[in-house]
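**Q** Following this line is query-v1.cif, made up of mmCIF, C-alpha atoms and all ligand atoms:
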data_work
loop_
_atom_site.label_atom_id
_atom_site.label_comp_id
_atom_site.auth_asym_id
_atom_site.auth_seq_id
_atom_site.Cartn_x
_atom_site.Cartn_y
_atom_site.Cartn_z
CA MET L 109 125.25 105.65 103.53
CA LEU L 110 123.25 103.94 100.80
CA PRO L 111 124.31 105.49 97.46
CA TRP L 112 120.79 106.62 96.49
CA ARG L 113 120.35 108.40 99.84
CA ALA L 114 122.83 111.23 99.10
CA GLY L 115 121.33 114.66 99.82
CA GLU L 116 118.45 115.73 102.02
CA PRO L 117 115.12 113.94 101.69
CA GLY L 118 112.83 116.27 99.80
CA SER L 119 115.52 117.48 97.44
CA ARG L 120 116.94 114.36 95.82
CA ASP L 121 117.36 113.75 92.10
CA PRO L 122 114.03 112.20 90.99
CA TYR L 123 115.84 110.08 88.42
CA LEU L 124 118.03 108.46 91.08
CA VAL L 125 114.97 107.91 93.30
CA LEU L 126 113.19 106.25 90.37
CA VAL L 127 116.13 103.93 89.59
CA SER L 128 116.64 102.96 93.24
CA GLU L 129 112.95 102.30 93.83
CA ALA L 130 112.70 100.19 90.67
CA MET L 131 115.67 98.10 91.83
CA LEU L 132 114.48 97.81 95.43
CA GLN L 133 111.03 96.51 94.50
CA GLN L 134 112.14 92.88 94.25
CA THR L 135 115.83 92.89 95.10
CA GLN L 136 117.61 92.90 98.45
CA VAL L 137 119.14 96.17 99.62
CA SER L 138 122.67 94.69 99.70
CA ARG L 139 122.37 93.59 96.06
CA VAL L 140 120.99 96.99 94.99
CA GLU L 141 123.89 98.61 96.83
CA GLU L 142 126.26 96.67 94.59
CA ARG L 143 124.45 97.31 91.31
CA PHE L 144 123.07 100.85 91.63
CA PRO L 145 126.45 102.63 91.19
CA ALA L 146 127.31 100.77 87.96
CA PHE L 147 123.83 101.31 86.51
CA THR L 148 123.81 105.03 87.24
CA ARG L 149 127.41 105.42 85.98
CA ARG L 150 126.37 103.89 82.69
CA PHE L 151 123.06 105.77 82.54
CA PRO L 152 123.69 108.88 84.68
CA THR L 153 120.62 110.86 83.62
CA VAL L 154 117.09 110.24 82.46
CA GLU L 155 118.19 111.40 78.98
CA ALA L 156 121.08 108.92 78.91
CA LEU L 157 118.73 106.09 79.82
CA ALA L 158 116.18 107.23 77.23
CA GLU L 159 118.85 107.26 74.51
CA ALA L 160 120.09 103.77 75.38
CA ASP L 161 119.11 100.64 73.51
CA VAL L 162 116.76 98.48 75.60
CA ASP L 163 119.10 95.48 75.13
CA ASP L 164 121.92 97.45 76.80
CA VAL L 165 119.61 98.37 79.68
CA LEU L 166 118.59 94.72 80.13
CA ALA L 167 122.25 93.65 80.00
CA GLU L 168 123.14 96.17 82.73
CA TRP L 169 120.21 94.82 84.76
CA SER L 170 121.40 91.25 84.22
CA GLY L 171 121.25 89.01 87.27
CA MET L 172 118.78 91.16 89.24
CA GLY L 173 115.72 89.37 87.90
CA TYR L 174 112.21 90.74 87.25
CA TYR L 175 113.31 92.33 84.00
CA ARG L 176 109.98 94.01 83.45
CA ARG L 177 111.24 96.62 85.92
CA ALA L 178 114.15 97.45 83.59
CA ARG L 179 111.92 97.66 80.53
CA ASN L 180 109.46 99.90 82.38
CA LEU L 181 112.29 102.08 83.65
CA HIS L 182 113.56 102.51 80.11
CA ALA L 183 110.05 103.26 78.80
CA ALA L 184 109.46 105.80 81.59
CA ALA L 185 112.78 107.52 80.80
CA ARG L 186 111.81 107.75 77.12
CA MET L 187 108.43 109.25 77.99
CA ILE L 188 110.02 111.85 80.29
CA ALA L 189 112.79 112.72 77.81
CA ARG L 190 110.65 112.78 74.67
CA GLU L 191 107.21 113.90 75.82
CA LYS L 192 108.01 116.00 78.88
CA ASP L 193 111.27 117.74 77.83
CA GLY L 194 113.24 115.72 80.40
CA VAL L 195 111.21 117.09 83.33
CA PHE L 196 109.63 114.69 85.84
CA PRO L 197 105.94 115.33 86.60
CA ARG L 198 105.74 117.07 89.98
CA SER L 199 102.67 115.28 91.29
CA ALA L 200 101.86 111.72 92.30
CA VAL L 201 99.02 111.68 89.76
CA GLY L 202 101.35 112.81 86.95
CA LEU L 203 104.04 110.35 87.96
CA ARG L 204 101.57 107.47 87.83
CA GLU L 205 101.05 108.12 84.13
CA LEU L 206 104.61 106.89 83.52
CA PRO L 207 105.06 103.20 82.58
CA GLY L 208 105.59 100.90 85.57
CA ILE L 209 105.04 103.59 88.21
CA GLY L 210 102.41 102.61 90.73
CA ARG L 211 101.14 104.25 93.86
CA TYR L 212 104.19 103.35 95.94
CA THR L 213 106.87 104.59 93.51
CA ALA L 214 104.89 107.75 92.72
CA GLY L 215 104.66 108.46 96.45
CA ALA L 216 108.39 107.82 96.88
CA ILE L 217 109.43 110.19 94.09
CA ALA L 218 106.86 112.86 95.03
CA SER L 219 107.86 112.91 98.70
CA ILE L 220 111.58 112.09 98.61
CA ALA L 221 112.50 114.14 95.52
CA PHE L 222 109.91 116.94 95.65
CA ASP L 223 108.84 116.94 99.32
CA LEU L 224 105.17 116.73 98.39
CA PRO L 225 102.89 115.42 101.18
CA GLU L 226 102.36 112.02 99.53
CA PRO L 227 102.34 108.72 101.45
CA ILE L 228 104.38 105.58 100.88
CA VAL L 229 103.21 102.17 102.06
CA ASP L 230 105.69 99.33 101.68
CA GLY L 231 106.08 96.23 103.85
CA ASN L 232 108.14 98.12 106.43
CA VAL L 233 105.70 101.01 106.79
CA ALA L 234 102.73 98.63 106.92
CA ARG L 235 104.30 96.60 109.74
CA VAL L 236 105.10 99.68 111.84
CA LEU L 237 101.63 101.20 111.41
CA GLN L 238 99.78 97.97 112.08
CA ARG L 239 101.78 97.25 115.21
CA VAL L 240 101.51 100.80 116.56
CA HIS L 241 97.73 100.68 116.11
CA GLY L 242 97.40 97.00 117.08
CA ARG L 243 95.71 96.23 113.75
CA ASP L 244 95.69 92.47 113.37
CA ALA L 245 95.30 91.71 109.65
CA ALA L 246 97.40 90.51 106.76
CA SER L 247 99.00 93.60 105.19
CA ASP L 248 97.67 92.63 101.74
CA ASP L 249 94.10 92.47 103.06
CA ARG L 250 92.04 94.93 101.01
CA ALA L 251 90.56 96.78 104.00
CA ALA L 252 93.95 96.87 105.70
CA GLN L 253 95.51 98.36 102.56
CA ALA L 254 92.91 101.16 102.40
CA TRP L 255 93.44 101.92 106.08
CA LEU L 256 97.26 101.88 105.69
CA TRP L 257 97.25 104.38 102.82
CA GLU L 258 94.87 106.63 104.71
CA ARG L 259 97.04 106.53 107.85
CA ALA L 260 100.29 107.02 105.92
CA GLY L 261 98.70 109.95 104.07
CA ALA L 262 97.71 111.62 107.33
CA ILE L 263 101.24 111.20 108.68
CA ALA L 264 102.96 112.43 105.49
CA GLY L 265 100.72 115.50 105.48
CA ALA L 266 101.25 116.34 109.14
CA GLY L 267 105.02 116.91 109.37
CA GLU L 268 107.35 119.50 107.90
CA SER L 269 109.00 117.13 105.44
CA ALA L 270 107.00 114.26 103.98
CA GLY L 271 110.18 112.84 102.44
CA ALA L 272 111.95 112.73 105.80
CA VAL L 273 108.89 111.24 107.55
CA ASN L 274 108.43 108.57 104.89
CA GLU L 275 112.09 107.59 104.94
CA ALA L 276 112.09 107.48 108.75
CA MET L 277 109.10 105.14 108.75
CA MET L 278 110.71 102.83 106.21
CA GLU L 279 113.99 102.88 108.12
CA LEU L 280 112.24 102.13 111.41
CA GLY L 281 110.54 99.11 109.86
CA ALA L 282 113.79 97.90 108.27
CA THR L 283 116.03 98.26 111.32
CA VAL L 284 113.94 98.35 114.54
CA CYS L 285 110.40 97.11 113.97
CA VAL L 286 111.67 94.13 112.01
CA PRO L 287 109.60 91.18 110.71
CA PRO L 288 109.63 87.63 112.12
CA PRO L 289 111.58 85.50 112.74
CA ALA L 290 113.61 88.41 114.24
CA SER L 291 112.09 90.21 117.24
CA PRO L 292 111.35 93.94 117.06
CA ARG L 293 113.72 96.02 119.19
CA CYS L 294 110.95 97.75 121.12
CA ASP L 295 113.25 99.12 123.81
CA ALA L 296 115.08 101.15 121.16
CA CYS L 297 111.92 102.30 119.37
CA PRO L 298 110.81 105.95 119.51
CA LEU L 299 107.18 104.79 119.23
CA ARG L 300 107.28 102.38 122.18
CA GLY L 301 105.21 104.73 124.38
CA VAL L 302 102.23 104.71 122.02
CA CYS L 303 102.53 101.25 120.48
CA VAL L 304 99.41 99.12 121.07
CA ALA L 305 101.06 95.86 120.00
CA ARG L 306 103.94 96.39 122.41
CA GLN L 307 101.54 97.00 125.30
CA ALA L 308 99.53 93.90 124.38
CA GLY L 309 102.61 91.77 123.66
CA THR L 310 101.32 90.96 120.17
CA GLN L 311 104.21 92.39 118.11
CA MET L 312 105.25 89.06 116.65
CA SER L 313 101.79 88.13 115.37
CA ILE L 314 101.09 91.48 113.64
CA PRO L 315 100.72 91.67 110.68
CA ARG L 316 99.31 88.23 109.97
CA PRO L 317 101.12 86.27 107.23
CA LYS L 318 99.82 86.87 103.71
CA SER L 319 97.80 84.07 102.19
CA ARG L 320 99.95 82.64 99.42
CA PRO L 321 98.47 80.53 96.63
CA GLY L 322 100.64 77.56 95.62
CA LYS L 323 103.11 78.20 92.83
CA LYS L 324 102.41 76.70 89.43
CA ALA L 325 105.08 74.56 87.83
CA LEU L 326 106.65 75.45 84.48
CA TYR L 327 108.76 72.82 82.74
CA CYS L 328 111.62 74.13 80.59
CA ALA L 329 113.82 72.04 78.33
CA ALA L 330 116.94 74.05 77.44
CA ALA L 331 119.19 72.73 74.69
CA VAL L 332 122.87 73.68 74.88
CA LEU L 333 124.09 73.25 71.32
CA THR L 334 127.66 74.11 70.41
CA ARG L 335 129.48 74.02 67.07
CA GLU L 336 132.99 72.74 66.48
CA ASP L 337 134.29 76.31 66.66
CA HIS L 338 132.67 76.51 70.15
CA ALA L 339 129.95 78.97 69.05
CA ILE L 340 126.76 78.52 71.12
CA LEU L 341 123.20 78.60 69.80
CA VAL L 342 121.11 81.28 71.55
CA GLU L 343 117.72 82.89 71.00
CA GLN L 344 115.92 85.97 72.32
CA ARG L 345 112.64 85.64 74.17
CA PRO L 346 109.64 87.71 73.05
CA MET L 347 109.42 91.10 74.78
CA GLY L 348 106.28 90.40 76.87
CA GLY L 349 105.93 87.91 79.70
CA MET L 350 108.43 86.21 81.95
CA TRP L 351 112.09 87.03 81.16
CA GLY L 352 110.82 89.13 78.22
CA GLY L 353 113.57 90.25 75.83
CA LEU L 354 116.28 88.19 77.54
CA TRP L 355 118.49 85.68 75.75
CA GLN L 356 118.58 81.95 76.38
CA ALA L 357 119.66 78.58 75.12
CA PRO L 358 116.80 77.40 72.84
CA THR L 359 114.16 76.51 75.40
CA ILE L 360 110.92 74.58 74.98
CA GLU L 361 108.32 75.20 77.70
CA SER L 362 105.24 73.42 79.01
CA SER L 363 102.93 74.01 81.96
CA GLU L 364 101.74 70.39 81.85
CA ALA L 365 104.76 68.07 81.81
CA PRO L 366 108.48 68.10 81.02
CA PRO L 367 109.00 68.32 77.23
CA THR L 368 110.14 64.94 75.94
CA ALA L 369 113.30 64.28 73.92
CA PRO L 370 111.28 63.87 70.65
CA ARG L 371 109.56 67.22 71.26
CA VAL L 372 112.82 69.02 72.02
CA ALA L 373 114.50 67.39 69.03
CA ALA L 374 111.64 68.32 66.68
CA ALA L 375 111.79 71.94 67.80
CA LEU L 376 115.50 72.00 66.95
CA GLY L 377 115.47 70.02 63.71
CA LEU L 378 117.31 67.06 65.24
CA SER L 379 116.42 63.42 65.91
CA ALA L 380 115.65 62.39 69.49
CA SER L 381 118.48 59.84 69.55
CA MET L 382 120.96 62.69 69.17
CA LEU L 383 119.98 64.32 72.48
CA ARG L 384 121.02 63.30 75.95
CA PRO L 385 119.85 64.82 79.25
CA GLU L 386 122.71 66.63 80.92
CA ALA L 387 121.42 68.19 84.15
CA SER L 388 118.27 69.34 85.87
CA PHE L 389 117.56 71.96 88.50
CA GLU L 390 114.73 73.98 89.97
CA HIS L 391 114.48 77.77 89.81
CA GLN L 392 111.97 79.76 91.86
CA THR L 393 110.31 82.96 90.64
CA THR L 394 107.67 84.91 92.56
CA HIS L 395 104.79 83.01 91.01
CA ARG L 396 106.30 79.87 89.52
CA ARG L 397 108.50 76.87 90.17
CA VAL L 398 110.51 76.53 86.99
CA LEU L 399 111.95 73.06 86.48
CA PHE L 400 114.81 73.06 84.00
CA GLN L 401 116.06 70.04 82.13
CA VAL L 402 119.23 70.72 80.16
CA TRP L 403 119.88 68.75 76.96
CA ARG L 404 122.97 68.40 74.81
CA ALA L 405 123.67 66.88 71.42
CA ALA L 406 125.41 63.57 72.08
CA GLY L 407 128.50 63.23 69.92
CA GLY L 408 128.21 66.72 68.48
CA LEU L 409 126.02 68.18 65.75
CA PRO L 410 125.90 66.96 62.15
CA PRO L 411 128.29 69.00 59.93
CA ALA L 412 125.49 70.46 57.81
CA TYR L 413 123.23 71.27 60.76
CA SER L 414 121.20 74.42 60.21
CA PRO L 415 119.11 75.30 63.29
CA PRO L 416 115.47 76.30 62.69
CA ARG L 417 115.66 78.81 65.55
CA GLY L 418 118.27 80.97 67.28
CA ILE L 419 121.64 82.31 66.16
CA TRP L 420 125.22 81.23 66.79
CA MET L 421 127.36 83.41 69.04
CA ARG L 422 130.82 83.16 70.50
CA THR L 423 131.12 82.79 74.30
CA GLU L 424 132.45 86.37 74.68
CA GLN L 425 129.33 87.66 72.93
CA VAL L 426 127.03 85.48 75.04
CA GLU L 427 128.66 86.88 78.20
CA ARG L 428 127.53 90.38 77.20
CA LEU L 429 123.90 89.39 76.58
CA ALA L 430 121.06 90.04 79.01
CA LEU L 431 120.54 86.60 80.55
CA SER L 432 118.36 85.45 83.43
CA ASN L 433 120.26 83.85 86.31
CA ALA L 434 119.00 80.42 85.28
CA GLN L 435 120.13 80.82 81.68
CA ARG L 436 123.47 82.29 82.75
CA ARG L 437 123.95 79.13 84.75
CA ILE L 438 122.98 76.95 81.79
CA LEU L 439 125.02 78.77 79.15
CA LEU L 440 128.06 80.08 80.95
CA GLU L 441 128.67 77.86 83.96
CA SER L 442 128.90 74.82 81.72
CA GLU L 443 132.19 73.94 80.11
CA VAL L 444 131.72 73.42 76.41
CA GLY L 445 131.74 69.66 76.02
CA GLY L 446 132.23 69.22 79.79
CA THR L 447 129.95 68.53 82.69
CA LEU L 448 127.24 71.00 83.57
CA PHE L 449 127.20 72.43 87.08
CA GLY L 450 130.31 70.57 88.27
S1 LIG Y 1 107.33 99.48 119.97
FE1 LIG Y 1 108.03 97.60 119.04
S2 LIG Y 1 106.29 96.79 117.89
FE2 LIG Y 1 105.85 98.93 118.39
S3 LIG Y 1 106.51 100.08 116.58
FE3 LIG Y 1 108.24 100.06 118.00
S4 LIG Y 1 109.47 98.26 117.47
FE4 LIG Y 1 107.46 98.06 116.48
#
Now that the file is in, can you turn its structure into structure tokens?
**A**
Amino acid sequence: MLPWRAGEPGSRDPYLVLVSEAMLQQTQVSRVEERFPAFTRRFPTVEALAEADVDDVLAEWSGMGYYRRARNLHAAARMIAREKDGVFPRSAVGLRELPGIGRYTAGAIASIAFDLPEPIVDGNVARVLQRVHGRDAASDDRAAQAWLWERAGAIAGAGESAGAVNEAMMELGATVCVPPPASPRCDACPLRGVCVARQAGTQMSIPRPKSRPGKKALYCAAAVLTREDHAILVEQRPMGGMWGGLWQAPTIESSEAPPTAPRVAAALGLSASMLRPEASFEHQTTHRRVLFQVWRAAGGLPPAYSPPRGIWMRTEQVERLALSNAQRRILLESEVGGTLFG
């Protein structure tokens, strides 16, 4: 059983529902299965999370990406602990006042923890409902979204346990009414007798694919600078925006073109002739293609070098920092003085 599914739907710990839903928003179930136990051991209650330093929360989230989820989770825990005496709001409307909690997560907590008749619409539920009703639209279509929430609301309000109904719908979409390229297992589906798409043979084309705008490129020049004592220069990103609050090798960014050696050198108080390109790779986020170029100081740094940005840390300290996957690769998978990425 998935670790956050312990107990009957409708009577689960709202804190554990909140943590699991935050993790599941952008991360595969198998990965959440690995990380959820460690996170909830370290922060077992909403009070424990509220008391924690945000850097520790980000470090525990390290490697799962989309760090705004961790910051919002921490902020929501603080609001519950400090402004609501540690008690979760017992309505979807009240839950949505918490940072980072939208309609879906509010519905999940309200129905799965408190058994309130609130709907949940995620990709799995949307696919099942659209196929059962033969509704041929992209699931992010505005009219389709309104219809889906209305239908899911009617279903959640009709049964004895909204939590059980919502979980069953999500489970059905995840295991039986699966998305392409896999085929739905209609013969094993409890809804096969009423499913319009099955009767029409249109299961595979419903819902229509979402229209996806092309991803914008972001060019990042990351400088791996190490001292003779093997300390590494690192800096913390500002709290807002992509990878907010995470640590990195000093990184110069541009949306227009890859930062040149003179630009990277100027940002670091070095001369361009001292830098050599070491490696390059592409990293995909939901909205961007991030193209990394990694630079090193050829022949080491001058003895009196004083960096204009960042701080020096030993490798053991860097290992404990909250790092994005890309920066972990840049900082920790490279041998000091050796070849990056094998
Ligand atoms: S019958 Fe097939 S298409 Fe219809 S809901 Fe079940 S699995 Fe999905």
**Q** Write out as a PyMOL selection string each polymer residue (protein, DNA or RNA) that has an atom no more than 7 Å from ligand LIG 1 (chain Y), with all atoms listed in the file counted.
**A** chain L and resi 236+239-240+284-285+292-294+297-300+303-306+311
**Q** Between atom CA of L:Trp355 and atom CA of L:Asp163, what is the spacing in Å?
**A** 9.8 Å
**Q** Quick one: residues within 10 Å of L:Ser313, all atoms listed in the file counted, chain neighbours fewer than 5 positions away excluded, as a PyMOL selection string?
**A** chain L and resi 239+244-246+287-288+305
**Q** Measuring between all atoms listed in the file, which one of L:Val426, L:Asp193, L:Gly171, L:Glu141 shows the shortest distance to L:Glu155?
**A**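 Smallest separation from L:Glu155 among the options: L:Asp193.
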**Q** Might you pull out every residue within 6 Å of L:Trp403, with only C-alpha atoms counted and same-chain residues fewer than 6 positions away left off, and present them as an mmCIF file with C-alpha atoms, in the frame of the given file?
**A**
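Dumped everything to part17.cif:
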data_model
loop_
_atom_site.group_PDB
_atom_site.id
_atom_site.type_symbol
_atom_site.label_atom_id
_atom_site.label_comp_id
_atom_site.auth_asym_id
_atom_site.auth_seq_id
_atom_site.Cartn_x
_atom_site.Cartn_y
_atom_site.Cartn_z
ATOM 1 C CA ALA L 331 119.190 72.730 74.690
ATOM 2 C CA ARG L 384 121.020 63.300 75.950
ATOM 3 C CA PRO L 385 119.850 64.820 79.250
ATOM 4 C CA GLU L 386 122.710 66.630 80.920
#
**Q** For atom CA of L:Gly377 and atom CA of L:Arg397, determine how far apart the two atoms are, in Å to one decimal place.
**A** 28.2 Å
**Q** Which distance in Å separates atom CA of L:Pro315 and atom CA of L:Gly242, to one decimal?
**A**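 Separation between atom CA of L:Pro315 and atom CA of L:Gly242: 9.0 Å.
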**Q** Measuring between all atoms listed in the file, which one of L:Gly281, L:Pro111, L:Gly309, L:Gly322 shows the shortest distance to L:His395?
**A** L:Gly322
**Q** Let me make sure I understand: among L:Ala357, L:Ala430, L:Val201, L:Leu206, which one has the smallest atom-to-atom distance to L:Gln401 if we use all atoms listed in the file?
**A**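 Among the listed residues, L:Ala357 lies closest to L:Gln401.
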**Q** Using all atoms listed in the file, find the one residue out of L:Thr359, L:Thr368, L:Gln392, L:Gln307 that sits nearest to L:Ala325.
**A**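 Going through L:Thr359, L:Thr368, L:Gln392, L:Gln307 one by one, the smallest distance to L:Ala325 is for L:Gln392.
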**Q** Can you list, as an mmCIF file with C-alpha atoms, in the coordinates of the input, every protein, DNA or RNA residue that comes within 7 Å of L:His182 when you count all atoms listed in the file, leaving out same-chain residues fewer than 5 positions away?
**A**
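File produced: result_17.cif:
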data_model
loop_
_atom_site.group_PDB
_atom_site.id
_atom_site.type_symbol
_atom_site.label_atom_id
_atom_site.label_comp_id
_atom_site.auth_asym_id
_atom_site.auth_seq_id
_atom_site.Cartn_x
_atom_site.Cartn_y
_atom_site.Cartn_z
ATOM 1 C CA LEU L 157 118.730 106.090 79.820
ATOM 2 C CA ALA L 158 116.180 107.230 77.230
ATOM 3 C CA VAL L 162 116.760 98.480 75.600
#
**Q** For a quick check of understanding, using all atoms listed in the file, which of L:Pro145, L:Pro416, L:Gly210, L:Gly194 has the smallest distance to L:Ala374?
**A**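 Using all atoms listed in the file, L:Ala374 sits closest to L:Pro416.
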